[in-house]
>>> print(open('structure-v9.txt').read())   # compact mmCIF, C-alpha atoms and all ligand atoms
# COMPACT_ATOMS: atom_id res chain seq x y z
CA MET A 963 88.08 94.42 71.86
CA LEU A 964 88.77 98.01 72.83
CA PHE A 965 89.62 97.25 76.47
CA GLY A 966 91.29 93.95 77.18
CA SER A 967 90.49 93.62 80.87
CA ASP A 968 87.49 92.99 83.11
CA THR A 969 88.14 96.17 85.11
CA PRO A 970 85.23 98.60 84.63
CA LEU A 971 86.00 101.50 82.31
CA ARG A 972 85.26 104.10 85.00
CA ILE A 973 87.87 102.63 87.35
CA ARG A 974 90.42 102.30 84.53
CA LEU A 975 89.91 105.94 83.57
CA GLU A 976 90.12 107.02 87.23
CA ASN A 977 93.38 105.11 87.67
CA ALA A 978 94.85 106.60 84.49
CA TRP A 979 93.86 110.11 85.61
CA THR A 980 95.28 109.54 89.09
CA ALA A 981 98.55 108.27 87.61
CA HIS A 982 98.74 111.35 85.39
CA LEU A 983 98.06 113.73 88.29
CA GLY A 984 100.35 111.80 90.62
CA ALA A 985 103.46 111.77 88.43
CA HIS A 986 104.98 114.82 90.13
CA CYS A 987 105.62 115.67 93.76
CA ARG A 988 103.03 118.00 95.26
CA PHE A 989 105.72 119.81 97.28
CA CYS A 990 108.88 120.05 95.12
CA HIS A 991 107.54 119.05 91.65
CA GLY A 992 110.21 116.33 91.42
CA ALA A 993 109.36 112.91 90.00
CA ALA A 994 107.04 110.78 92.15
CA ALA A 995 108.20 107.16 91.99
CA THR A 996 106.66 104.87 94.60
CA ILE A 997 103.99 107.17 96.08
CA PRO A 998 101.51 109.09 93.88
CA SER A 999 102.07 112.89 94.05
CA LEU A 1000 105.02 112.59 96.43
CA CYS A 1001 108.75 112.12 95.73
CA ASP A 1002 110.74 109.76 97.94
CA ARG A 1003 112.72 112.62 99.53
CA CYS A 1004 109.65 114.62 100.57
CA ALA A 1005 108.00 111.40 101.79
CA ALA A 1006 111.05 110.60 103.93
CA ASN A 1007 110.86 114.10 105.45
CA LEU A 1008 107.24 113.68 106.59
CA PRO A 1009 106.70 113.41 110.38
CA TRP A 1010 106.47 109.59 110.58
CA LEU A 1011 105.02 108.18 113.76
CA LEU A 1012 107.50 105.44 114.53
CA THR A 1013 106.68 104.37 118.09
CA ARG A 1014 103.22 104.75 119.54
CA CYS A 1015 100.50 103.28 121.76
CA GLU A 1016 99.18 100.22 119.97
CA LYS A 1017 95.65 100.91 121.27
CA CYS A 1018 95.22 104.63 120.46
CA ALA A 1019 98.32 105.55 118.38
CA ARG A 1020 99.37 108.23 120.89
CA PRO A 1021 103.06 108.97 120.21
CA LEU A 1022 105.25 107.17 122.78
CA SER A 1023 109.02 106.71 123.05
CA PHE A 1024 108.47 102.94 122.67
CA ASP A 1025 105.84 100.62 121.13
CA GLY A 1026 103.42 99.63 123.90
CA VAL A 1027 100.20 100.68 125.62
CA CYS A 1028 99.83 104.18 127.10
CA GLY A 1029 98.65 104.87 130.66
CA ALA A 1030 95.22 106.13 129.55
CA CYS A 1031 94.52 102.95 127.52
CA ARG A 1032 95.72 100.78 130.40
CA GLN A 1033 93.26 102.51 132.72
CA GLN A 1034 90.36 102.46 130.29
CA PRO A 1035 90.98 100.10 127.34
CA PRO A 1036 89.40 101.32 124.07
CA ILE A 1037 86.82 99.16 122.33
CA CYS A 1038 89.07 98.73 119.28
CA ASN A 1039 91.73 96.06 119.42
CA SER A 1040 94.37 98.31 117.92
CA THR A 1041 94.88 101.69 116.28
CA HIS A 1042 97.54 102.60 113.77
CA SER A 1043 98.51 106.01 112.43
CA SER A 1044 101.40 106.36 110.03
CA LEU A 1045 102.12 110.04 110.59
CA ARG A 1046 101.77 112.90 113.04
CA TYR A 1047 99.11 115.40 112.04
CA THR A 1048 101.42 118.35 111.60
CA GLY A 1049 103.32 120.31 108.91
CA ASP A 1050 103.06 118.91 105.37
CA VAL A 1051 100.65 116.19 106.54
CA VAL A 1052 98.09 118.87 107.43
CA ILE A 1053 98.61 120.44 103.98
CA LEU A 1054 98.01 117.08 102.26
CA ILE A 1055 94.89 116.23 104.26
CA HIS A 1056 93.43 119.73 103.88
CA ALA A 1057 94.05 119.50 100.14
CA VAL A 1058 91.91 116.35 100.07
CA LYS A 1059 89.18 117.63 102.38
CA PHE A 1060 88.77 121.25 101.43
CA GLY A 1061 90.46 121.53 98.05
CA GLY A 1062 88.72 118.51 96.50
CA GLY A 1063 92.11 116.88 95.80
CA LEU A 1064 90.57 113.45 95.44
CA ASN A 1065 93.60 112.08 93.57
CA LEU A 1066 95.55 112.60 96.81
CA CYS A 1067 93.47 109.85 98.49
CA SER A 1068 95.74 107.27 96.85
CA THR A 1069 98.73 109.20 98.25
CA LEU A 1070 97.26 108.98 101.75
CA ALA A 1071 96.36 105.28 101.32
CA THR A 1072 99.90 104.48 100.15
CA LEU A 1073 101.37 106.37 103.12
CA MET A 1074 99.01 104.44 105.41
CA LEU A 1075 100.50 101.14 104.24
CA LYS A 1076 104.12 102.20 103.90
CA ALA A 1077 105.51 101.62 107.38
CA ARG A 1078 103.14 98.87 108.44
CA ARG A 1079 100.33 96.81 106.93
CA PRO A 1080 97.25 95.69 108.84
CA ILE A 1081 96.70 92.05 109.69
CA VAL A 1082 93.87 90.85 107.47
CA PHE A 1083 91.81 87.68 107.41
CA ASP A 1084 89.34 86.08 104.98
CA GLN A 1085 86.50 87.89 106.78
CA THR A 1086 88.12 91.32 107.02
CA GLN A 1087 86.05 94.20 105.63
CA VAL A 1088 86.99 97.86 105.40
CA VAL A 1089 84.65 100.28 107.20
CA SER A 1090 84.79 103.99 106.40
CA VAL A 1091 83.41 106.78 108.58
CA PRO A 1092 80.08 107.84 107.05
CA LEU A 1093 79.15 111.50 106.59
CA SER A 1094 75.65 112.80 107.13
CA GLN A 1095 73.64 113.36 103.93
CA ARG A 1096 73.83 117.11 104.49
CA ARG A 1097 77.63 117.19 104.82
CA LEU A 1098 77.98 114.80 101.88
CA ARG A 1099 75.96 117.22 99.73
CA GLN A 1100 78.07 120.18 100.89
CA ARG A 1101 81.43 118.49 100.24
CA GLY A 1102 80.43 116.31 97.32
CA PHE A 1103 82.43 113.30 98.50
CA ASN A 1104 83.41 111.45 101.67
CA GLN A 1105 87.21 111.48 102.02
CA SER A 1106 87.12 108.58 104.49
CA LEU A 1107 85.27 106.41 101.93
CA GLU A 1108 87.62 107.47 99.12
CA ILE A 1109 90.67 106.56 101.21
CA ALA A 1110 88.95 103.31 102.24
CA ARG A 1111 88.37 102.47 98.56
CA GLN A 1112 92.06 102.98 97.78
CA LEU A 1113 93.13 100.97 100.81
CA ALA A 1114 90.67 98.15 100.08
CA ASN A 1115 91.96 98.07 96.52
CA GLN A 1116 95.58 97.81 97.63
CA LEU A 1117 94.78 95.13 100.23
CA GLN A 1118 92.21 93.35 98.01
CA LEU A 1119 89.47 93.62 100.63
CA GLU A 1120 85.77 94.34 100.43
CA ILE A 1121 84.19 97.54 101.71
CA PHE A 1122 81.37 97.28 104.24
CA HIS A 1123 78.53 99.60 103.14
CA ARG A 1124 75.79 99.10 105.71
CA LEU A 1125 76.84 101.66 108.31
CA ARG A 1126 74.91 104.97 108.13
CA ARG A 1127 75.22 108.30 109.88
CA THR A 1128 71.81 109.39 111.02
CA GLY A 1129 72.34 112.56 113.09
CA GLN A 1130 72.85 116.16 112.01
CA ALA A 1131 75.40 116.94 114.72
CA PRO A 1132 78.04 119.67 114.30
CA ALA A 1133 81.39 118.67 112.73
CA GLN A 1134 83.78 117.11 115.25
CA SER A 1135 86.45 119.61 114.18
CA SER A 1136 84.25 122.48 115.48
CA LEU A 1137 84.34 121.05 119.03
CA LYS A 1138 87.27 121.65 121.32
CA SER A 1139 87.14 119.17 124.20
CA ALA A 1140 87.24 115.38 124.06
CA ARG A 1141 84.10 115.33 126.24
CA GLU A 1142 82.13 117.45 123.77
CA ARG A 1143 83.30 115.22 120.91
CA ARG A 1144 82.27 112.03 122.75
CA ARG A 1145 78.82 113.43 123.48
CA ASN A 1146 78.41 114.73 119.93
CA VAL A 1147 78.83 111.35 118.22
CA ARG A 1148 76.69 109.27 120.58
CA SER A 1149 73.82 107.55 118.70
CA GLN A 1150 75.00 109.00 115.39
CA PHE A 1151 75.53 105.68 113.62
CA GLU A 1152 73.13 102.97 112.56
CA LEU A 1153 73.86 99.55 111.15
CA GLN A 1154 71.52 97.20 109.33
CA GLY A 1155 72.15 93.48 109.89
CA GLN A 1156 75.41 91.80 110.78
CA ALA A 1157 78.71 93.66 111.18
CA PRO A 1158 81.93 92.24 109.65
CA VAL A 1159 83.63 89.57 111.79
CA HIS A 1160 86.84 91.59 111.43
CA ALA A 1161 86.36 95.32 110.81
CA LEU A 1162 89.16 97.57 109.65
CA ILE A 1163 87.96 101.13 110.29
CA VAL A 1164 89.67 103.61 107.99
CA ASP A 1165 89.83 107.39 108.41
CA ASP A 1166 92.13 110.26 107.51
CA VAL A 1167 92.86 111.73 110.97
CA TYR A 1168 92.57 110.33 114.49
CA THR A 1169 91.91 113.24 116.83
CA SER A 1170 90.19 112.33 120.10
CA GLY A 1171 89.11 108.93 118.77
CA SER A 1172 85.46 109.63 119.75
CA THR A 1173 84.07 108.93 116.27
CA VAL A 1174 85.88 105.65 115.65
CA GLN A 1175 85.17 104.47 119.21
CA GLU A 1176 81.46 105.13 118.68
CA ILE A 1177 81.57 103.23 115.37
CA ALA A 1178 83.45 100.43 117.12
CA ARG A 1179 80.72 100.28 119.78
CA VAL A 1180 78.06 99.84 117.08
CA LEU A 1181 80.11 97.24 115.21
CA ARG A 1182 80.76 95.28 118.42
CA ARG A 1183 77.04 95.33 119.23
CA HIS A 1184 76.34 93.87 115.78
CA GLY A 1185 78.84 91.05 116.08
CA SER A 1186 82.34 92.24 115.13
CA GLU A 1187 84.87 90.07 116.93
CA ARG A 1188 87.93 92.10 116.09
CA ILE A 1189 88.14 95.82 115.26
CA ASP A 1190 91.31 97.56 114.12
CA VAL A 1191 91.61 101.22 113.21
CA TRP A 1192 93.88 102.41 110.41
CA THR A 1193 94.34 106.15 110.01
CA CYS A 1194 96.74 108.30 108.08
CA ALA A 1195 97.58 110.82 110.78
CA ARG A 1196 97.37 111.16 114.56
CA SER A 1197 96.65 114.50 116.13
CA VAL A 1198 99.46 115.07 118.61
CA ARG A 1199 97.43 117.33 120.91
CA ALA A 1200 94.72 114.87 121.91
ZN ZN B 1301 109.21 116.24 96.60
ZN ZN B 1302 96.80 104.62 124.21
>>> encode(input="structure-v9.txt", output="structure tokens")
Amino acid sequence: MLFGSDTPLRIRLENAWTAHLGAHCRFCHGAAATIPSLCDRCAANLPWLLTRCEKCARPLSFDGVCGACRQQPPICNSTHSSLRYTGDVVILIHAVKFGGGLNLCSTLATLMLKARRPIVFDQTQVVSVPLSQRRLRQRGFNQSLEIARQLANQLQLEIFHRLRRTGQAPAQSSLKSARERRRNVRSQFELQGQAPVHALIVDDVYTSGSTVQEIARVLRRHGSERIDVWTCARSVRA
């Protein structure tokens, strides 16, 4: 037999291509060992988010719950971000989003699991943030889904595919205030049937949290008992 495993050929080719592209560090061209496209030294120099609010990932000087989340608890049970959205992290995420650097999704997924791994159960499913059909056509791929695929693969979880984005609202990144962002995403998402008992929402950047909170609201309404959010980077301004 030409291929001795049950893994589909497309995925095997994708993995081989990713390994080839990821052999050298994106920043210094040194050898990448444990993280695709990133050497250990450049990875260590990234702005890691070590202590933060466990509800919204806001940087804190200790692990705990911030004042804003104590006053108005978010719908999600917890939020994790590995890194601050600044410096080389912005370069990496922009390379994925705007430069079509899809192979970097496995870099982001590996970084997302490096410092901490999510608690998972038998019923955990990974939920990505859907794009509208129009934006999907413009960009050609959904970076949140690509990162979710990598993360689900590494954690051996299933991806939940029944959440849709229905609206044609402007991109969240084009809106300045948290209030505008909250209003913009209201009623944007639609779910058919039952939501996962435990949902792990995956996205690249957590900015105001409006999008994931809106998704969490829909998931809760459709039966999710626990919702955790796992993002690569946390905007430090919001
Ligand atoms: Zn390097
Ligand atoms: Zn908080």
>>> residues_around(input="structure-v9.txt", residues="Ser1149 in chain A", least_positions_apart="4", cutoff="9 Å", atoms="only C-alpha atoms", output="PyMOL selection string")
chain A and resi 1127-1129+1176+1180
>>> residues_around(input="structure-v9.txt", residues="range 1056-1063 of chain A", least_positions_apart="5", cutoff="9 Å", atoms="only C-alpha atoms", output="ChimeraX atom specification")
/A:1051,1101-1105
>>> closest_residue(input="structure-v9.txt", among="A:Glu1152, A:Asp1190, A:Asp1084, A:Asp1025", to="ligand ZN 1302 (chain B)", atoms="all atoms listed in the file")
A:Asp1025
>>> residues_near_ligand(input="structure-v9.txt", ligand="ligand ZN 1302 (chain B)", cutoff="7 Å", atoms="all atoms listed in the file", output="ChimeraX atom specification")
/A:1015-1020,1027-1031
>>> closest_residue(input="structure-v9.txt", among="A:Ser1197, A:Ser999, A:Thr1041, A:Ser1170", to="ligand ZN 1301 (chain B)", atoms="only C-alpha atoms and all ligand atoms")
A:Ser999
>>> closest_residue(input="structure-v9.txt", among="A:Leu1153, A:Ala1140, A:Val1088, A:Cys1004", to="Ile1121 in chain A", atoms="all atoms listed in the file")
A:Val1088
